[in-house]
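With PDB, C-alpha atoms inside, this is coords08.pdb:
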```
ATOM      1  CA  MET A 572       0.117 -49.409   0.281
ATOM      2  CA  VAL A 573      -2.229 -48.122  -2.430
ATOM      3  CA  ASN A 574      -5.919 -48.240  -1.590
ATOM      4  CA  ALA A 575      -7.505 -49.632  -4.771
ATOM      5  CA  GLU A 576     -10.992 -48.393  -3.922
ATOM      6  CA  ALA A 577      -9.733 -44.880  -3.237
ATOM      7  CA  GLU A 578      -7.776 -44.900  -6.507
ATOM      8  CA  ARG A 579     -10.901 -45.944  -8.397
ATOM      9  CA  HIS A 580     -12.763 -42.905  -7.095
ATOM     10  CA  LYS A 581      -9.780 -40.685  -7.915
ATOM     11  CA  ALA A 582      -9.809 -41.978 -11.495
ATOM     12  CA  LEU A 583     -13.550 -41.233 -11.742
ATOM     13  CA  GLY A 584     -12.880 -37.761 -10.347
ATOM     14  CA  ASN A 585     -10.170 -37.154 -12.938
ATOM     15  CA  LYS A 586     -12.550 -38.151 -15.729
ATOM     16  CA  LEU A 587     -15.261 -35.833 -14.427
ATOM     17  CA  PHE A 588     -12.749 -33.000 -14.028
ATOM     18  CA  ALA A 589     -11.703 -33.401 -17.668
ATOM     19  CA  GLU A 590     -15.393 -33.033 -18.573
ATOM     20  CA  HIS A 591     -15.586 -29.812 -16.466
ATOM     21  CA  ARG A 592     -18.058 -31.480 -14.091
ATOM     22  CA  TYR A 593     -16.342 -30.056 -11.052
ATOM     23  CA  ASP A 594     -19.067 -30.640  -8.459
ATOM     24  CA  ASP A 595     -19.311 -34.301  -9.435
ATOM     25  CA  ALA A 596     -15.524 -34.626  -9.427
ATOM     26  CA  ILE A 597     -15.446 -33.174  -5.902
ATOM     27  CA  LYS A 598     -17.798 -35.926  -4.747
ATOM     28  CA  GLU A 599     -15.487 -38.607  -6.139
ATOM     29  CA  TYR A 600     -12.366 -37.078  -4.602
ATOM     30  CA  SER A 601     -14.212 -36.733  -1.292
ATOM     31  CA  THR A 602     -15.067 -40.430  -1.391
ATOM     32  CA  ALA A 603     -11.428 -41.211  -2.159
ATOM     33  CA  ILE A 604     -10.428 -39.193   0.926
ATOM     34  CA  ILE A 605     -12.890 -41.151   3.055
ATOM     35  CA  LYS A 606     -11.312 -44.367   1.789
ATOM     36  CA  ASP A 607      -7.762 -43.093   2.347
ATOM     37  CA  SER A 608      -7.178 -39.764   4.122
ATOM     38  CA  THR A 609      -3.388 -40.055   3.953
ATOM     39  CA  GLU A 610      -2.985 -39.493   0.194
ATOM     40  CA  ARG A 611      -2.291 -35.795  -0.473
ATOM     41  CA  ILE A 612      -3.136 -35.939  -4.209
ATOM     42  CA  TYR A 613      -6.818 -36.465  -3.400
ATOM     43  CA  TYR A 614      -6.779 -33.150  -1.522
ATOM     44  CA  THR A 615      -4.921 -31.230  -4.230
ATOM     45  CA  ASN A 616      -7.220 -32.610  -6.925
ATOM     46  CA  ARG A 617     -10.269 -31.554  -4.928
ATOM     47  CA  ALA A 618      -8.670 -28.169  -4.238
ATOM     48  CA  LEU A 619      -8.228 -27.657  -7.981
ATOM     49  CA  CYS A 620     -11.948 -28.331  -8.486
ATOM     50  CA  TYR A 621     -12.820 -25.840  -5.774
ATOM     51  CA  SER A 622     -10.518 -23.321  -7.463
ATOM     52  CA  LYS A 623     -12.393 -23.746 -10.749
ATOM     53  CA  LEU A 624     -15.616 -23.045  -8.828
ATOM     54  CA  GLU A 625     -14.004 -20.016  -7.104
ATOM     55  CA  LYS A 626     -14.572 -21.546  -3.658
ATOM     56  CA  TYR A 627     -11.314 -20.237  -2.278
ATOM     57  CA  GLU A 628     -11.837 -21.011   1.413
ATOM     58  CA  GLN A 629     -12.170 -24.692   0.501
ATOM     59  CA  VAL A 630      -9.073 -24.446  -1.701
ATOM     60  CA  VAL A 631      -7.127 -23.111   1.276
ATOM     61  CA  SER A 632      -8.383 -25.875   3.548
ATOM     62  CA  ASP A 633      -7.575 -28.733   1.159
ATOM     63  CA  SER A 634      -4.208 -27.271   0.159
ATOM     64  CA  ARG A 635      -3.129 -26.897   3.777
ATOM     65  CA  LYS A 636      -4.133 -30.491   4.446
ATOM     66  CA  ALA A 637      -2.095 -31.678   1.457
ATOM     67  CA  ILE A 638       0.925 -29.709   2.714
ATOM     68  CA  ASP A 639       0.525 -31.274   6.150
ATOM     69  CA  LEU A 640       0.775 -34.663   4.457
ATOM     70  CA  ASP A 641       3.634 -33.698   2.141
ATOM     71  CA  ASN A 642       5.426 -30.367   2.491
ATOM     72  CA  THR A 643       7.217 -30.800  -0.841
ATOM     73  CA  THR A 644       4.102 -30.753  -3.007
ATOM     74  CA  VAL A 645       4.373 -27.892  -5.492
ATOM     75  CA  LYS A 646       0.737 -28.101  -6.552
ATOM     76  CA  ALA A 647      -0.562 -27.544  -3.011
ATOM     77  CA  PHE A 648       1.615 -24.476  -2.388
ATOM     78  CA  TYR A 649       0.683 -23.083  -5.814
ATOM     79  CA  LEU A 650      -3.066 -23.573  -5.310
ATOM     80  CA  LEU A 651      -2.839 -22.203  -1.782
ATOM     81  CA  GLY A 652      -1.003 -19.095  -2.967
ATOM     82  CA  GLN A 653      -3.534 -18.450  -5.732
ATOM     83  CA  ALA A 654      -6.475 -18.846  -3.337
ATOM     84  CA  LEU A 655      -4.883 -16.508  -0.783
ATOM     85  CA  ILE A 656      -4.516 -13.856  -3.497
ATOM     86  CA  GLU A 657      -8.264 -14.020  -4.129
ATOM     87  CA  LEU A 658      -8.919 -13.808  -0.387
ATOM     88  CA  LYS A 659      -6.683 -10.683  -0.233
ATOM     89  CA  GLN A 660      -4.203 -12.353   2.100
ATOM     90  CA  HIS A 661      -1.353 -11.146  -0.051
ATOM     91  CA  THR A 662       1.552 -11.416   2.374
ATOM     92  CA  GLU A 663       0.959 -15.116   3.007
ATOM     93  CA  ALA A 664       0.185 -15.647  -0.687
ATOM     94  CA  LEU A 665       3.629 -14.313  -1.580
ATOM     95  CA  SER A 666       5.247 -16.594   0.984
ATOM     96  CA  LYS A 667       3.484 -19.720  -0.287
ATOM     97  CA  LEU A 668       4.140 -18.901  -3.937
ATOM     98  CA  LYS A 669       7.833 -18.314  -3.229
ATOM     99  CA  THR A 670       7.941 -21.784  -1.666
ATOM    100  CA  ALA A 671       6.091 -23.195  -4.691
ATOM    101  CA  TYR A 672       8.657 -21.590  -7.011
ATOM    102  CA  GLU A 673      11.672 -22.959  -5.145
ATOM    103  CA  LEU A 674      10.148 -26.454  -5.021
ATOM    104  CA  ALA A 675       9.147 -26.265  -8.688
ATOM    105  CA  ARG A 676      12.632 -25.197  -9.713
ATOM    106  CA  HIS A 677      14.285 -28.105  -7.923
ATOM    107  CA  GLN A 678      11.664 -30.628  -9.035
ATOM    108  CA  ARG A 679      11.652 -29.232 -12.590
ATOM    109  CA  VAL A 680       7.877 -29.047 -12.869
ATOM    110  CA  LYS A 681       6.566 -27.800 -16.189
ATOM    111  CA  TYR A 682       4.388 -24.968 -14.878
ATOM    112  CA  VAL A 683       7.124 -22.974 -13.116
ATOM    113  CA  ASN A 684       6.418 -19.955 -15.368
ATOM    114  CA  ASP A 685       2.782 -20.011 -14.224
ATOM    115  CA  ILE A 686       4.011 -19.829 -10.631
ATOM    116  CA  LEU A 687       6.209 -16.841 -11.513
ATOM    117  CA  GLN A 688       3.204 -15.080 -13.017
ATOM    118  CA  ALA A 689       1.170 -15.816  -9.879
ATOM    119  CA  LEU A 690       3.989 -14.322  -7.788
ATOM    120  CA  LEU A 691       3.885 -11.131  -9.814
ATOM    121  CA  MET A 692       0.099 -11.070  -9.513
ATOM    122  CA  ALA A 693       0.313 -11.392  -5.723
ATOM    123  CA  ARG A 694       2.725  -8.444  -5.577
ATOM    124  CA  LYS A 695       0.474  -6.425  -7.896
ATOM    125  CA  ARG A 696      -2.686  -7.147  -5.902
ATOM    126  CA  LYS A 697      -0.932  -6.289  -2.629
ATOM    127  CA  TRP A 698       0.213  -2.971  -4.068
ATOM    128  CA  ASP A 699      -3.224  -2.265  -5.587
ATOM    129  CA  ASP A 700      -4.898  -2.676  -2.192
ATOM    130  CA  ALA A 701      -2.330  -0.432  -0.516
ATOM    131  CA  GLU A 702      -2.691   2.135  -3.302
ATOM    132  CA  SER A 703      -6.490   2.161  -2.994
ATOM    133  CA  ALA A 704      -6.163   2.786   0.736
ATOM    134  CA  ARG A 705      -3.639   5.580   0.101
ATOM    135  CA  LEU A 706      -5.891   7.277  -2.459
ATOM    136  CA  GLU A 707      -8.820   7.110  -0.056
ATOM    137  CA  ARG A 708      -6.726   8.710   2.684
ATOM    138  CA  GLU A 709      -5.576  11.382   0.255
ATOM    139  CA  SER A 710      -9.156  12.135  -0.790
ATOM    140  CA  GLU A 711     -10.207  12.411   2.839
ATOM    141  CA  LEU A 712      -7.310  14.778   3.529
ATOM    142  CA  LEU A 713      -8.202  16.924   0.514
ATOM    143  CA  ARG A 714     -11.830  17.166   1.645
ATOM    144  CA  TYR A 715     -10.715  18.021   5.176
ATOM    145  CA  VAL A 716      -8.321  20.805   4.082
ATOM    146  CA  LYS A 717     -10.883  22.293   1.697
ATOM    147  CA  GLY A 718     -13.431  22.157   4.506
ATOM    148  CA  LEU A 719     -11.101  24.219   6.702
ATOM    149  CA  VAL A 720     -10.816  26.888   4.010
ATOM    150  CA  ASP A 721     -14.594  27.006   3.527
ATOM    151  CA  ALA A 722     -15.147  27.174   7.281
ATOM    152  CA  GLU A 723     -12.717  30.092   7.546
ATOM    153  CA  ARG A 724     -14.486  31.810   4.632
ATOM    154  CA  ALA A 725     -17.841  31.448   6.361
ATOM    155  CA  GLN A 726     -16.396  32.793   9.637
ATOM    156  CA  GLN A 727     -14.899  35.829   7.891
ATOM    157  CA  LEU A 728     -18.087  36.554   5.927
ATOM    158  CA  ALA A 729     -20.121  36.401   9.114
ATOM    159  CA  GLN A 730     -18.046  39.290  10.509
ATOM    160  CA  VAL A 731     -18.467  41.569   7.448
ATOM    161  CA  ASP A 732     -21.034  44.341   7.522
ATOM    162  CA  VAL A 733     -24.017  43.740   5.254
ATOM    163  CA  GLY A 734     -23.561  45.636   2.016
ATOM    164  CA  ASP A 735     -19.739  45.731   2.171
ATOM    165  CA  ASP A 736     -19.408  44.141  -1.254
ATOM    166  CA  GLU A 737     -15.723  44.993  -1.619
ATOM    167  CA  GLU A 738     -14.768  43.118   1.565
ATOM    168  CA  ILE A 739     -17.015  40.179   0.624
ATOM    169  CA  ASP A 740     -15.428  39.950  -2.828
ATOM    170  CA  GLU A 741     -11.927  40.041  -1.346
ATOM    171  CA  ILE A 742     -12.715  37.228   1.113
ATOM    172  CA  ASN A 743     -14.226  35.079  -1.616
ATOM    173  CA  TYR A 744     -11.322  35.809  -3.978
ATOM    174  CA  ASN A 745      -8.697  34.851  -1.400
ATOM    175  CA  SER A 746     -10.581  31.718  -0.332
ATOM    176  CA  ASP A 747     -11.070  30.574  -3.930
ATOM    177  CA  ALA A 748      -7.374  31.164  -4.666
ATOM    178  CA  ARG A 749      -6.386  29.031  -1.669
ATOM    179  CA  LEU A 750      -8.734  26.247  -2.793
ATOM    180  CA  VAL A 751      -7.183  26.299  -6.289
ATOM    181  CA  ALA A 752      -3.671  26.203  -4.799
ATOM    182  CA  ILE A 753      -4.560  23.252  -2.570
ATOM    183  CA  GLN A 754      -6.095  21.349  -5.499
ATOM    184  CA  THR A 755      -2.977  22.058  -7.582
ATOM    185  CA  VAL A 756      -0.692  20.646  -4.897
ATOM    186  CA  PHE A 757      -2.710  17.422  -4.764
ATOM    187  CA  GLU A 758      -2.804  17.154  -8.568
ATOM    188  CA  HIS A 759       0.982  17.574  -8.791
ATOM    189  CA  SER A 760       1.365  14.842  -6.195
ATOM    190  CA  LYS A 761      -0.678  12.497  -8.380
ATOM    191  CA  GLU A 762       1.352  13.425 -11.470
ATOM    192  CA  ASN A 763       4.602  12.636  -9.673
ATOM    193  CA  LEU A 764       3.255   9.212  -8.693
ATOM    194  CA  MET A 765       2.326   8.529 -12.316
ATOM    195  CA  ARG A 766       5.914   9.063 -13.513
ATOM    196  CA  ARG A 767       6.756   5.408 -13.461
ATOM    197  CA  GLU A 768       9.898   3.824 -14.797
ATOM    198  CA  ILE A 769      11.504   0.452 -14.160
ATOM    199  CA  PRO A 770      15.308   0.437 -13.992
ATOM    200  CA  ASP A 771      16.678  -1.480 -16.997
ATOM    201  CA  ALA A 772      18.758  -3.644 -14.645
ATOM    202  CA  TYR A 773      15.544  -5.108 -13.194
ATOM    203  CA  LEU A 774      14.318  -6.394 -16.567
ATOM    204  CA  ASP A 775      15.145  -9.830 -17.987
ATOM    205  CA  LYS A 776      17.112  -9.634 -21.230
ATOM    206  CA  ILE A 777      15.137 -12.484 -22.796
ATOM    207  CA  SER A 778      11.487 -11.949 -21.821
ATOM    208  CA  PHE A 779      11.861  -8.231 -20.942
ATOM    209  CA  ASN A 780       9.710  -8.868 -17.857
ATOM    210  CA  ILE A 781      10.725  -7.744 -14.389
ATOM    211  CA  MET A 782      12.826 -10.481 -12.770
ATOM    212  CA  HIS A 783      11.986 -12.621  -9.746
ATOM    213  CA  ASP A 784      15.026 -14.899  -9.606
ATOM    214  CA  PRO A 785      17.937 -13.127 -11.331
ATOM    215  CA  VAL A 786      21.109 -15.145 -11.999
ATOM    216  CA  PHE A 787      24.593 -14.410 -13.380
ATOM    217  CA  THR A 788      26.149 -16.330 -16.241
ATOM    218  CA  PRO A 789      29.958 -16.827 -16.213
ATOM    219  CA  ASP A 790      30.195 -13.722 -18.416
ATOM    220  CA  GLY A 791      28.559 -11.603 -15.692
ATOM    221  CA  ILE A 792      25.296 -11.092 -17.588
ATOM    222  CA  THR A 793      22.089 -11.290 -15.559
ATOM    223  CA  TYR A 794      18.897 -13.052 -16.686
ATOM    224  CA  GLU A 795      15.722 -14.405 -15.125
ATOM    225  CA  ARG A 796      16.639 -17.986 -14.207
ATOM    226  CA  GLN A 797      13.616 -19.672 -15.794
ATOM    227  CA  SER A 798      13.872 -17.627 -19.000
ATOM    228  CA  LEU A 799      17.461 -18.742 -19.386
ATOM    229  CA  ILE A 800      16.610 -22.399 -18.668
ATOM    230  CA  ASP A 801      13.834 -22.243 -21.276
ATOM    231  CA  ASN A 802      16.290 -20.682 -23.717
ATOM    232  CA  PHE A 803      18.763 -23.524 -23.084
ATOM    233  CA  ALA A 804      16.031 -26.053 -23.876
ATOM    234  CA  HIS A 805      15.064 -24.384 -27.141
ATOM    235  CA  ASN A 806      18.339 -22.972 -28.458
ATOM    236  CA  GLY A 807      21.219 -24.775 -26.770
ATOM    237  CA  TYR A 808      23.569 -24.313 -23.846
ATOM    238  CA  PHE A 809      25.150 -20.905 -24.354
ATOM    239  CA  ASP A 810      24.799 -17.363 -23.041
ATOM    240  CA  PRO A 811      22.253 -15.684 -25.386
ATOM    241  CA  ILE A 812      24.191 -12.399 -25.444
ATOM    242  CA  SER A 813      27.859 -13.405 -25.284
ATOM    243  CA  GLY A 814      27.389 -16.673 -27.167
ATOM    244  CA  ASN A 815      29.810 -18.428 -24.828
ATOM    245  CA  PRO A 816      29.057 -21.928 -23.478
ATOM    246  CA  CYS A 817      26.832 -21.939 -20.381
ATOM    247  CA  THR A 818      24.732 -24.548 -18.567
ATOM    248  CA  GLU A 819      22.318 -24.432 -15.657
ATOM    249  CA  LYS A 820      25.011 -25.487 -13.181
ATOM    250  CA  ASP A 821      27.065 -22.415 -14.159
ATOM    251  CA  LEU A 822      24.377 -19.976 -13.003
ATOM    252  CA  ILE A 823      25.006 -17.911  -9.872
ATOM    253  CA  PRO A 824      22.113 -16.264  -7.950
ATOM    254  CA  ASN A 825      22.247 -12.466  -8.066
ATOM    255  CA  ARG A 826      20.983 -12.003  -4.505
ATOM    256  CA  SER A 827      21.685  -8.286  -4.186
ATOM    257  CA  LEU A 828      19.703  -7.549  -7.342
ATOM    258  CA  ARG A 829      16.889  -9.832  -6.196
ATOM    259  CA  GLU A 830      16.633  -7.903  -2.905
ATOM    260  CA  ALA A 831      16.665  -4.591  -4.779
ATOM    261  CA  ILE A 832      13.843  -5.748  -7.071
ATOM    262  CA  GLU A 833      11.773  -6.974  -4.131
ATOM    263  CA  ASP A 834      12.206  -3.615  -2.387
ATOM    264  CA  PHE A 835      11.261  -1.828  -5.614
ATOM    265  CA  LEU A 836       8.093  -3.906  -6.043
ATOM    266  CA  LYS A 837       6.958  -3.210  -2.476
ATOM    267  CA  ASP A 838       6.580   0.461  -3.437
ATOM    268  CA  ASN A 839       5.836  -0.035  -7.142
ATOM    269  CA  GLY A 840       3.478  -2.980  -7.449
ATOM    270  CA  TRP A 841       2.239  -1.660 -10.791
ATOM    271  CA  ALA A 842       5.563  -2.887 -12.238
ATOM    272  CA  ALA A 843       4.372  -6.487 -11.919
ATOM    273  CA  ASP A 844       2.178  -5.805 -14.976
ATOM    274  CA  TYR A 845       5.101  -4.512 -17.045
TER     275      TYR A 845
END
```
As a first step, turn the structure in this file into structure tokens.
Amino acid sequence: MVNAEAERHKALGNKLFAEHRYDDAIKEYSTAIIKDSTERIYYTNRALCYSKLEKYEQVVSDSRKAIDLDNTTVKAFYLLGQALIELKQHTEALSKLKTAYELARHQRVKYVNDILQALLMARKRKWDDAESARLERESELLRYVKGLVDAERAQQLAQVDVGDDEEIDEINYNSDARLVAIQTVFEHSKENLMRREIPDAYLDKISFNIMHDPVFTPDGITYERQSLIDNFAHNGYFDPISGNPCTEKDLIPNRSLREAIEDFLKDNGWAADY
């Protein structure tokens, strides 16, 4: 049964949200929750306000509560995934956003493409963090190896007779050459990492973005599911490349390609920005 008083406060919260008065809207949604704590929309609406204010811990809390009340709510999983990205909890963010996508696809919500973009962002952020950690480890290793060379130089110089300029020059020459060689090896490693290409098979033939949910048409051509559904809505029910009739019920998930793309993105998170 609808709680009329709670709904009144929700309506006031919606009005305040539309006016970008997020703190005031939060107060109204909070009152609605006090009046009726079993309605998940009050929690998702408040979570959205918290998201606008970049209060991500509160977004997580409200979104989880909404999911406890209704585990089919796309909005809660979407908000939760976005907040977890900001809190650098990327693994769980990916999990929640994947759930949001599957629910959105079946419920045909209008912002499914936004969820796909959030999924790519979560993968990118996860890779960025791992890459930053790798670069820091590499820098530490470079400093350590160079330190060994300099320490050996100092040890050798300490054993040379004072005034033996020829021996001193030879030690310095050899040490400097080793330092240059070490730096070159590390620079080549960086260059190899920068040679980045995405296999053409991983790219959607409509949007040219990397795919998340690739599907076959009856003609064996693979597209991103949502791109193809959007194309059906705008241009009609046919395969964009072959021109043959095709509807959403004809689409077959390309699971092997999806797994290959996911494996690729684990090691190449930069591709999410392609």
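Taking atom CA of A:Arg829 and atom CA of A:Asp784 as endpoints, the distance between them is 6.4 Å.
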* Asked: Given the file above and the PyMOL selection byres ((chain A and resi 610) around 12), which residues are selected, and can you give them as a ChimeraX atom specification?
  -> /A:572-574,577-578,581,600-601,603-609,611-617,633,636-641,644
Would you pick out the contacts of A:Val631 at 8 Å or less, using only C-alpha atoms, so that residues sharing its chain but fewer than 5 positions from it are not included, and give the list as a PyMOL selection string?
chain A and resi 618+650-651+654-655
(Q) To test your reading of the syntax: which residues would the PyMOL selection byres ((chain A and resi 790-802) around 10) return for the file shown? Reply as JSON, numbers by chain. (A) {"A": [676, 683, 684, 687, 772, 773, 774, 775, 776, 777, 778, 779, 780, 781, 782, 783, 784, 785, 786, 787, 788, 789, 803, 804, 805, 806, 807, 808, 809, 810, 811, 812, 813, 814, 815, 816, 817, 818, 819, 822, 823, 824, 825, 828]}
Could you dump the residues just selected with C-alpha atoms as a PDB file, in the coordinates of the input?
```
ATOM      1  CA  ARG A 676      12.632 -25.197  -9.713  1.00  0.00           C
ATOM      2  CA  VAL A 683       7.124 -22.974 -13.116  1.00  0.00           C
ATOM      3  CA  ASN A 684       6.418 -19.955 -15.368  1.00  0.00           C
ATOM      4  CA  LEU A 687       6.209 -16.841 -11.513  1.00  0.00           C
ATOM      5  CA  ALA A 772      18.758  -3.644 -14.645  1.00  0.00           C
ATOM      6  CA  TYR A 773      15.544  -5.108 -13.194  1.00  0.00           C
ATOM      7  CA  LEU A 774      14.318  -6.394 -16.567  1.00  0.00           C
ATOM      8  CA  ASP A 775      15.145  -9.830 -17.987  1.00  0.00           C
ATOM      9  CA  LYS A 776      17.112  -9.634 -21.230  1.00  0.00           C
ATOM     10  CA  ILE A 777      15.137 -12.484 -22.796  1.00  0.00           C
ATOM     11  CA  SER A 778      11.487 -11.949 -21.821  1.00  0.00           C
ATOM     12  CA  PHE A 779      11.861  -8.231 -20.942  1.00  0.00           C
ATOM     13  CA  ASN A 780       9.710  -8.868 -17.857  1.00  0.00           C
ATOM     14  CA  ILE A 781      10.725  -7.744 -14.389  1.00  0.00           C
ATOM     15  CA  MET A 782      12.826 -10.481 -12.770  1.00  0.00           C
ATOM     16  CA  HIS A 783      11.986 -12.621  -9.746  1.00  0.00           C
ATOM     17  CA  ASP A 784      15.026 -14.899  -9.606  1.00  0.00           C
ATOM     18  CA  PRO A 785      17.937 -13.127 -11.331  1.00  0.00           C
ATOM     19  CA  VAL A 786      21.109 -15.145 -11.999  1.00  0.00           C
ATOM     20  CA  PHE A 787      24.593 -14.410 -13.380  1.00  0.00           C
ATOM     21  CA  THR A 788      26.149 -16.330 -16.241  1.00  0.00           C
ATOM     22  CA  PRO A 789      29.958 -16.827 -16.213  1.00  0.00           C
ATOM     23  CA  PHE A 803      18.763 -23.524 -23.084  1.00  0.00           C
ATOM     24  CA  ALA A 804      16.031 -26.053 -23.876  1.00  0.00           C
ATOM     25  CA  HIS A 805      15.064 -24.384 -27.141  1.00  0.00           C
ATOM     26  CA  ASN A 806      18.339 -22.972 -28.458  1.00  0.00           C
ATOM     27  CA  GLY A 807      21.219 -24.775 -26.770  1.00  0.00           C
ATOM     28  CA  TYR A 808      23.569 -24.313 -23.846  1.00  0.00           C
ATOM     29  CA  PHE A 809      25.150 -20.905 -24.354  1.00  0.00           C
ATOM     30  CA  ASP A 810      24.799 -17.363 -23.041  1.00  0.00           C
ATOM     31  CA  PRO A 811      22.253 -15.684 -25.386  1.00  0.00           C
ATOM     32  CA  ILE A 812      24.191 -12.399 -25.444  1.00  0.00           C
ATOM     33  CA  SER A 813      27.859 -13.405 -25.284  1.00  0.00           C
ATOM     34  CA  GLY A 814      27.389 -16.673 -27.167  1.00  0.00           C
ATOM     35  CA  ASN A 815      29.810 -18.428 -24.828  1.00  0.00           C
ATOM     36  CA  PRO A 816      29.057 -21.928 -23.478  1.00  0.00           C
ATOM     37  CA  CYS A 817      26.832 -21.939 -20.381  1.00  0.00           C
ATOM     38  CA  THR A 818      24.732 -24.548 -18.567  1.00  0.00           C
ATOM     39  CA  GLU A 819      22.318 -24.432 -15.657  1.00  0.00           C
ATOM     40  CA  LEU A 822      24.377 -19.976 -13.003  1.00  0.00           C
ATOM     41  CA  ILE A 823      25.006 -17.911  -9.872  1.00  0.00           C
ATOM     42  CA  PRO A 824      22.113 -16.264  -7.950  1.00  0.00           C
ATOM     43  CA  ASN A 825      22.247 -12.466  -8.066  1.00  0.00           C
ATOM     44  CA  LEU A 828      19.703  -7.549  -7.342  1.00  0.00           C
TER      45      LEU A 828
END
```
Compile the contact shell of stretch 719-723 of chain A as a PyMOL selection string: residues with an atom at most 8 Å away, counting all atoms listed in the file, same-chain residues fewer than 4 positions apart removed. chain A and resi 715+727+746+749-750
Complete stretch 787-793 of chain A at the level of all heavy atoms, written as a compact mmCIF listing (two decimals), in the coordinates of the input.
```txt
# COMPACT_ATOMS: atom_id res chain seq x y z
N PHE A 787 23.45 -14.75 -12.53
CA PHE A 787 24.59 -14.41 -13.38
C PHE A 787 24.97 -15.60 -14.25
O PHE A 787 24.91 -16.75 -13.81
CB PHE A 787 25.84 -14.12 -12.53
CG PHE A 787 25.82 -12.82 -11.79
CD1 PHE A 787 25.84 -12.82 -10.40
CD2 PHE A 787 25.82 -11.62 -12.47
CE1 PHE A 787 25.87 -11.64 -9.70
CE2 PHE A 787 25.86 -10.43 -11.77
CZ PHE A 787 25.88 -10.43 -10.38
N THR A 788 25.43 -15.33 -15.47
CA THR A 788 26.15 -16.33 -16.24
C THR A 788 27.65 -16.12 -15.98
O THR A 788 28.04 -15.10 -15.40
CB THR A 788 25.85 -16.18 -17.75
OG1 THR A 788 26.37 -14.90 -18.19
CG2 THR A 788 24.36 -16.27 -18.03
N PRO A 789 28.52 -17.02 -16.41
CA PRO A 789 29.96 -16.83 -16.21
C PRO A 789 30.48 -15.53 -16.82
O PRO A 789 31.52 -15.02 -16.40
CB PRO A 789 30.58 -18.05 -16.90
CG PRO A 789 29.52 -19.10 -16.77
CD PRO A 789 28.23 -18.37 -16.95
N ASP A 790 29.77 -14.98 -17.81
CA ASP A 790 30.20 -13.72 -18.42
C ASP A 790 29.70 -12.50 -17.65
O ASP A 790 29.92 -11.36 -18.08
CB ASP A 790 29.68 -13.65 -19.87
CG ASP A 790 30.41 -14.64 -20.77
OD1 ASP A 790 31.65 -14.56 -20.85
OD2 ASP A 790 29.74 -15.50 -21.37
N GLY A 791 29.02 -12.72 -16.51
CA GLY A 791 28.56 -11.60 -15.69
C GLY A 791 27.28 -10.96 -16.17
O GLY A 791 26.91 -9.87 -15.72
N ILE A 792 26.56 -11.62 -17.07
CA ILE A 792 25.30 -11.09 -17.59
C ILE A 792 24.15 -11.69 -16.79
O ILE A 792 24.14 -12.90 -16.51
CB ILE A 792 25.14 -11.41 -19.09
CG1 ILE A 792 26.34 -10.85 -19.87
CG2 ILE A 792 23.83 -10.85 -19.64
CD1 ILE A 792 26.40 -11.29 -21.32
N THR A 793 23.20 -10.84 -16.42
CA THR A 793 22.09 -11.29 -15.56
C THR A 793 20.82 -11.54 -16.37
O THR A 793 20.46 -10.74 -17.24
CB THR A 793 21.80 -10.24 -14.47
OG1 THR A 793 22.96 -10.08 -13.66
CG2 THR A 793 20.64 -10.67 -13.59
```
